[in-house]
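Okay, so here's the structure we're looking at.
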4 protein chains.
Amino acid sequence: MKALVYHGPGKKSLDERPMPELAAPTDAIVKMTRTTICGTDLHILKGDVPSCEPGRILGHEGVGIVHRVGQAVSGLAVGDHVLVSCISSCGQCDYCRRGMYSHCATGGWILGNRIDGTQAEYVRIPHAQTSLYRIPPGADEAALVMLSDILPTGFECGVLNGKVQPGSTVAIVGAGPIGLASLLTAQFYTPAQLIMIDQDPNRLEIAQRFGATACIDARDGDAVAQVMKLTGSVGVDCAIEAVGVPATFELCEALVAPGGVIANIGVHGVKADLFLDKLWDRNVAITTRLVDTSSTPMLLKTVHAGRLDPRKLITHRFRLGDALEAYDTFSRAADTHALKVLIEID
Amino acid sequence: MKALVYHGPGKKSLDERPMPELAAPTDAIVKMTRTTICGTDLHILKGDVPSCEPGRILGHEGVGIVHRVGQAVSGLAVGDHVLVSCISSCGQCDYCRRGMYSHCATGGWILGNRIDGTQAEYVRIPHAQTSLYRIPPGADEAALVMLSDILPTGFECGVLNGKVQPGSTVAIVGAGPIGLASLLTAQFYTPAQLIMIDQDPNRLEIAQRFGATACIDARDGDAVAQVMKLTGSVGVDCAIEAVGVPATFELCEALVAPGGVIANIGVHGVKADLFLDKLWDRNVAITTRLVDTSSTPMLLKTVHAGRLDPRKLITHRFRLGDALEAYDTFSRAADTHALKVLIEID
Amino acid sequence: MKALVYHGPGKKSLDERPMPELAAPTDAIVKMTRTTICGTDLHILKGDVPSCEPGRILGHEGVGIVHRVGQAVSGLAVGDHVLVSCISSCGQCDYCRRGMYSHCATGGWILGNRIDGTQAEYVRIPHAQTSLYRIPPGADEAALVMLSDILPTGFECGVLNGKVQPGSTVAIVGAGPIGLASLLTAQFYTPAQLIMIDQDPNRLEIAQRFGATACIDARDGDAVAQVMKLTGSVGVDCAIEAVGVPATFELCEALVAPGGVIANIGVHGVKADLFLDKLWDRNVAITTRLVDTSSTPMLLKTVHAGRLDPRKLITHRFRLGDALEAYDTFSRAADTHALKVLIEID
Amino acid sequence: MKALVYHGPGKKSLDERPMPELAAPTDAIVKMTRTTICGTDLHILKGDVPSCEPGRILGHEGVGIVHRVGQAVSGLAVGDHVLVSCISSCGQCDYCRRGMYSHCATGGWILGNRIDGTQAEYVRIPHAQTSLYRIPPGADEAALVMLSDILPTGFECGVLNGKVQPGSTVAIVGAGPIGLASLLTAQFYTPAQLIMIDQDPNRLEIAQRFGATACIDARDGDAVAQVMKLTGSVGVDCAIEAVGVPATFELCEALVAPGGVIANIGVHGVKADLFLDKLWDRNVAITTRLVDTSSTPMLLKTVHAGRLDPRKLITHRFRLGDALEAYDTFSRAADTHALKVLIEID
């Protein structure tokens, strides 16, 4: 079968690989029909993710059709259309029973990282019963690819952790796909203000279209002053960090109101400064989270009910044979204006 | 009347001062019968608290007897024995209605800071109705002095923010009066482990007596390893920072388990390093808080019910005339083994 | 001044009454500009509310202009436009400090009940600082009359208590003004289904326009079957009772899914049957609540942000001189299709 | 093997039965070493539980040793000592993922009800991985039998649902084994008052020994008056119903304070009266729950940490060969003063 394979920092190719096989009675094999590329895949290609070794098939997102199921899997049958969660979870270990699937003792983010992933014609999914979600007939399956990772990530790490509530003021730092996923799902809770901060005018324009109540171009250098003006000099109830560098995290520290939350989503490679001298008496919370995808059933319901349209995050479409071009388009997002690139497989 | 007055960095004296008077219909004048000294008072004397100007009577803790009440105060009468909260709160501004009394628009920590405090024969208490608590007859009033500040602080900033629960593992970094207040009130929730970390063997011995399940001498240099050993290499569900320097905060970052909380109590003068590169995917929360004293009614109930004995925090007793000696004893705690020093007034 | 006065069961008239005066330093006198009539006013007129004695000016809703303020009131000045809360609260008693303003020791629902109310040219408001809300310039003041009672009631007693969440299924039994207020504010949380049940086709049609995803005519007699069909035979996550008779409450018992909530809003005059033999193992919660109006600041923010349009609840407008006609229109809602009737005062 | 078998209303015997076998790859076979009898077993024998058919081996509690494991079970090995949960749960269905194991699509309370139970030498446990808990070496295994059902039931349905908090006032109606389990575990949260109400002086005496702060003999007929006296005429924050008849539930309605919770544990056979005319404006919650045993890991930790001693609930010990005598002793608890009867198996 065809698969997009990582061959060490900076190196990837579209290779022919053997079909995956069931390795445990709780596994399933899924024939992928659509996948996509994540910012994390680019991190791997930079060599930033040592757990991902050369030879690995990349990808942890997508939808497909159940091809084989292990004998201990119930609730899934060959031919079922399924959404692949970026997080594999057994549902049974201590962390899973607390809903922290991200830290599953035998799962977590392993797809396209510790085991072969979804940018291929077939993929083996461990703990299939709790890592795949049946798609009802008639669903827009391309749209659902957005539910593998970025929508639950934006929602859980940003919106839920950030305790967005009706009437809240929210600032989202970073208008990339993840920040926009937070922007879309923050609207589940009807905040009064949704302020988007980024350096890319194109992305800010998209944010405006997606429901931001104010957009701030970070290059102006006065983001803090602008947010203070918008919030009566108080700051925001919730600051969502969706970039992953010290400067944007520290910006969040300056934006958060007393009693507010900084919800970190960004993948950080270095430490940041925590200004406890300013924050110790501000009654704030700072949260971190690797997505648990515990909200996936709820997100499926809201999409099904027409309350969320994930399709608007898809800007480009490719076929698996053109996966290298898809990577090129996605990695040059500032030029190509790519958000998410859909890769169709047949 | 006699009062302990701050005269600028390093300078204090016991002076004769005029009696305070009612300044607003919501004020009360309280004749103090007992007060104490807080670590924050020492901070002021070092010149670290610019909001506290020379000439200020220090102190934000104590019990006394209502001497006069403004005409808009209900529920309090002359002669009532009362506990003074270290936080003054109107009960009516936006922050107060959210229970964040620490950020009351016209209150907060003002006693012995922005207005004259409790280390005196009389004190004016603004927003008396929500800043004083009636003491039932027969109560141990010396013990209740511990409810002005350190017990709500240890409880709210450490235990409540730290989400201590039955079966939790808890590490408290710092076994001073505040850390010990957390230790005592953490036991309200029956955690499985209460690990105390400090550099002072005397304080660790007290911690043991107060209910710690393990004590670690930080001077051994292997606190992290010891905690990991005690917790099956997972870390603690809750790490409480009760010192206020970068090293102890960063120790908490190393101790906290995935899904856990770092509850900061310490008053920090400088920034700390936040190792987001290690924490971004650990699903942790970090909280800060200036005490709200919203738990004071509950703490009074638990003392009244015999579930908490605050008296054990009092190690020394002085009279107001010997307040300078009380300060000396309290500030040399390593030598004197002082926890809280009670100052009696008549 | 002119005022609508209750004279015992079945009797009311528009009388000339003396101007109210400040009775406590925490009072304010408000010159009313708009008020409305509540279902509870009709209950009083039926003689169902013994705490309301003959001679009482009715009404607990409205907006106006501050005419006089007591000397202990801060944050309010003569000339301020204000929203009157149906609940008077001191902000300082034990219940108020828990956010249960409905049970304020010296407040609660007293306006137009235990003390004279708002269907008059002027009204005395006790605990003015926490019972009045300043209206920003340029607001639609007629719309804000809906924030005195029905919107916080529908939201707090129905939506908040009912734990409506993104993706939830919700059934609201009763499409009167309160049920519709729940319908509008439930949408703050983006539920997947909002099923409205009533016997009046006109009200169901309004519900459809206000965002219901399904409407069930209770006269068909198969409401339970229809809800089960809509919810995959599971029942609803949240059943909101907005009528106040045993039959509608018992319908909610039949509609609620395992793990769900029955949130009662209705004012009940008699007991209902609780089928514990069916519910004991269903992991449900049943809640009751007199509105606390603790959500009023949030509701003001959502209206200001354009997220909620309360004006759509107003179907008729009268002047105070025509108050008897307003009562007639409101009390014959099935014929007049009245939701809320606005009474303008000058 | 020997097993206690239900043969229809009023009939049971100790029979010879074939050994159970693995039926699914997720099953385990456990060699029981200790079991006990539950009030629900007596309900079955009265014919009150139609889902339990004649021929069924009774029992849903106990500890044992893993004898065989299905090939899809991980984390459990032959020879492991295990606690059997009264609730079987797959960990993977929608209800399980919400922590509502009681409603597991393919589990719930099935042991000794829909499938053969634990009052036997061997038992088949479906969903073994999430329905068995490994017991650490050196544990008091007799004590742990109390963690199969009554301690999680008393804790989850009574204490957790009842939101017992430090300083709370709690009334528990019914001092049988379940009520006493609530009494023991309520103390995890340090309530100020724990009032026990029962008709049996012996059980009240035990309650006193187990930590009740007040005991009320329900036969005196003035339980409401006594509770009001103990609570300053307010009622209790939490009323726990641990009997299961209308009279005791309705007593809870009379005891609960505004803002409080009635947590039902009792298994009810008929409806009760819900006095909504008195409760609609009292801001109360009423909860029901079949135990989820989601707290079992926590309970194991508290027992291991010496914070809870379940052994004190065991009053009698028998061998499996004397199981009929054990039933007799347990069913005549008023005479025999039995709480839990331990049945040892070898």
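Each chain in the structure tokens gets a letter, A, B and so on, in the order shown; residues start at 1 in every chain, and ligands are counted from 1 in the order they appear.
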Residues of chain B within 8 Å of chain D, counting only C-alpha atoms, what are they? List them as a tab-separated table (two decimals) with N, CA and C atoms, in the first residue's frame.
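Output below, filename result.tsv:
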chain	number	residue	atom	x	y	z
B	166	PRO	N	-10.25	13.13	48.89
B	166	PRO	CA	-9.97	11.85	49.56
B	166	PRO	C	-9.08	10.97	48.68
B	167	GLY	N	-8.04	10.43	49.27
B	167	GLY	CA	-7.14	9.55	48.53
B	167	GLY	C	-6.03	10.27	47.77
B	188	PHE	N	-8.96	18.07	56.15
B	188	PHE	CA	-10.42	18.09	56.00
B	188	PHE	C	-10.87	17.11	54.92
B	189	TYR	N	-9.99	16.84	53.96
B	189	TYR	CA	-10.38	16.05	52.79
B	189	TYR	C	-9.77	14.65	52.75
B	190	THR	N	-9.10	14.25	53.84
B	190	THR	CA	-8.62	12.88	53.97
B	190	THR	C	-7.74	12.42	52.80
B	191	PRO	N	-6.71	13.19	52.48
B	191	PRO	CA	-5.78	12.70	51.45
B	191	PRO	C	-5.05	11.45	51.94
B	192	ALA	N	-4.54	10.66	51.01
B	192	ALA	CA	-3.82	9.45	51.40
B	192	ALA	C	-2.40	9.78	51.86
B	193	GLN	N	-1.77	10.75	51.19
B	193	GLN	CA	-0.42	11.14	51.58
B	193	GLN	C	-0.31	12.65	51.70
B	298	MET	N	-17.00	28.79	57.19
B	298	MET	CA	-16.82	27.34	57.28
B	298	MET	C	-15.75	27.01	58.32
B	299	LEU	N	-14.66	27.75	58.34
B	299	LEU	CA	-13.60	27.47	59.30
B	299	LEU	C	-14.10	27.68	60.73
B	301	LYS	N	-17.07	27.16	61.72
B	301	LYS	CA	-17.88	25.98	62.04
B	301	LYS	C	-17.02	24.78	62.40
B	302	THR	N	-15.94	24.58	61.67
B	302	THR	CA	-15.12	23.39	61.96
B	302	THR	C	-14.40	23.54	63.29
B	305	ALA	N	-16.97	22.90	65.92
B	305	ALA	CA	-17.33	21.48	65.98
B	305	ALA	C	-16.17	20.63	66.48
B	307	ARG	N	-13.30	20.12	65.03
B	307	ARG	CA	-12.64	19.38	63.95
B	307	ARG	C	-11.28	19.98	63.60
Query raised in the report: If you run DSSP on this backbone, which residues of region 37-276 of chain A come out as strand (DSSP E or B), and could you give them as an MDAnalysis selection string?
Result: chainID A and resid 57 63:69 81:84 88 108 111 115 120 122:125 132:134 169:173 193:198 214:217 236:241 256:264 272:274
**Report entry** region 280-287 of chain C environment, 6 Å, only C-alpha atoms, sequence neighbours closer than 3 positions dropped, as a count of residues only
**Finding:** 15
Report task. Show which residues sit within 9 Å of His337 (chain A), as a list in words. Count only C-alpha atoms, and ignore same-chain residues fewer than 5 positions away. Result -> Asn202, Arg203, Thr315, Thr329, Phe330 and Arg332 of chain A
Given the selection you just returned, output its residues as a file containing N, CA and C atoms, formatted as a JSON list (two decimals), in the first residue's frame.
[["chain", "number", "residue", "atom", "x", "y", "z"],
["A", 202, "ASN", "N", -4.15, 37.87, 6.79],
["A", 202, "ASN", "CA", -5.06, 36.92, 6.16],
["A", 202, "ASN", "C", -5.79, 36.08, 7.20],
["A", 203, "ARG", "N", -5.03, 35.60, 8.17],
["A", 203, "ARG", "CA", -5.65, 34.77, 9.20],
["A", 203, "ARG", "C", -6.61, 35.59, 10.07],
["A", 315, "THR", "N", -8.99, 24.28, 3.42],
["A", 315, "THR", "CA", -8.73, 25.25, 2.34],
["A", 315, "THR", "C", -8.23, 24.59, 1.06],
["A", 329, "THR", "N", 2.27, 22.69, 0.51],
["A", 329, "THR", "CA", 1.24, 23.73, 0.63],
["A", 329, "THR", "C", 0.98, 24.07, 2.10],
["A", 330, "PHE", "N", 0.89, 23.03, 2.92],
["A", 330, "PHE", "CA", 0.57, 23.23, 4.34],
["A", 330, "PHE", "C", 1.72, 23.93, 5.07],
["A", 332, "ARG", "N", 3.86, 26.03, 3.88],
["A", 332, "ARG", "CA", 4.05, 27.43, 3.48],
["A", 332, "ARG", "C", 2.71, 28.18, 3.63]]
Query - Which of region 107-270 of chain D fall in alpha helix (DSSP H), as an MDAnalysis selection string - result: chainID D and resid 128:131 141:144 150:153 177:186 201:209 223:230 246:255
Report task. For Ser51 (chain C), please output as number ranges by chain all residues within 10 Å (counting only C-alpha atoms; exclusion window: fewer than 4 positions along the same chain). Result -> C: 44, 47, 110, 113-115
**Report entry** 10 Å contact set for Asp277 (chain D), only C-alpha atoms, chain neighbours under 3 positions out, as a ChimeraX atom specification
**Finding:** /C:244-245,266-272 /D:274,280-281
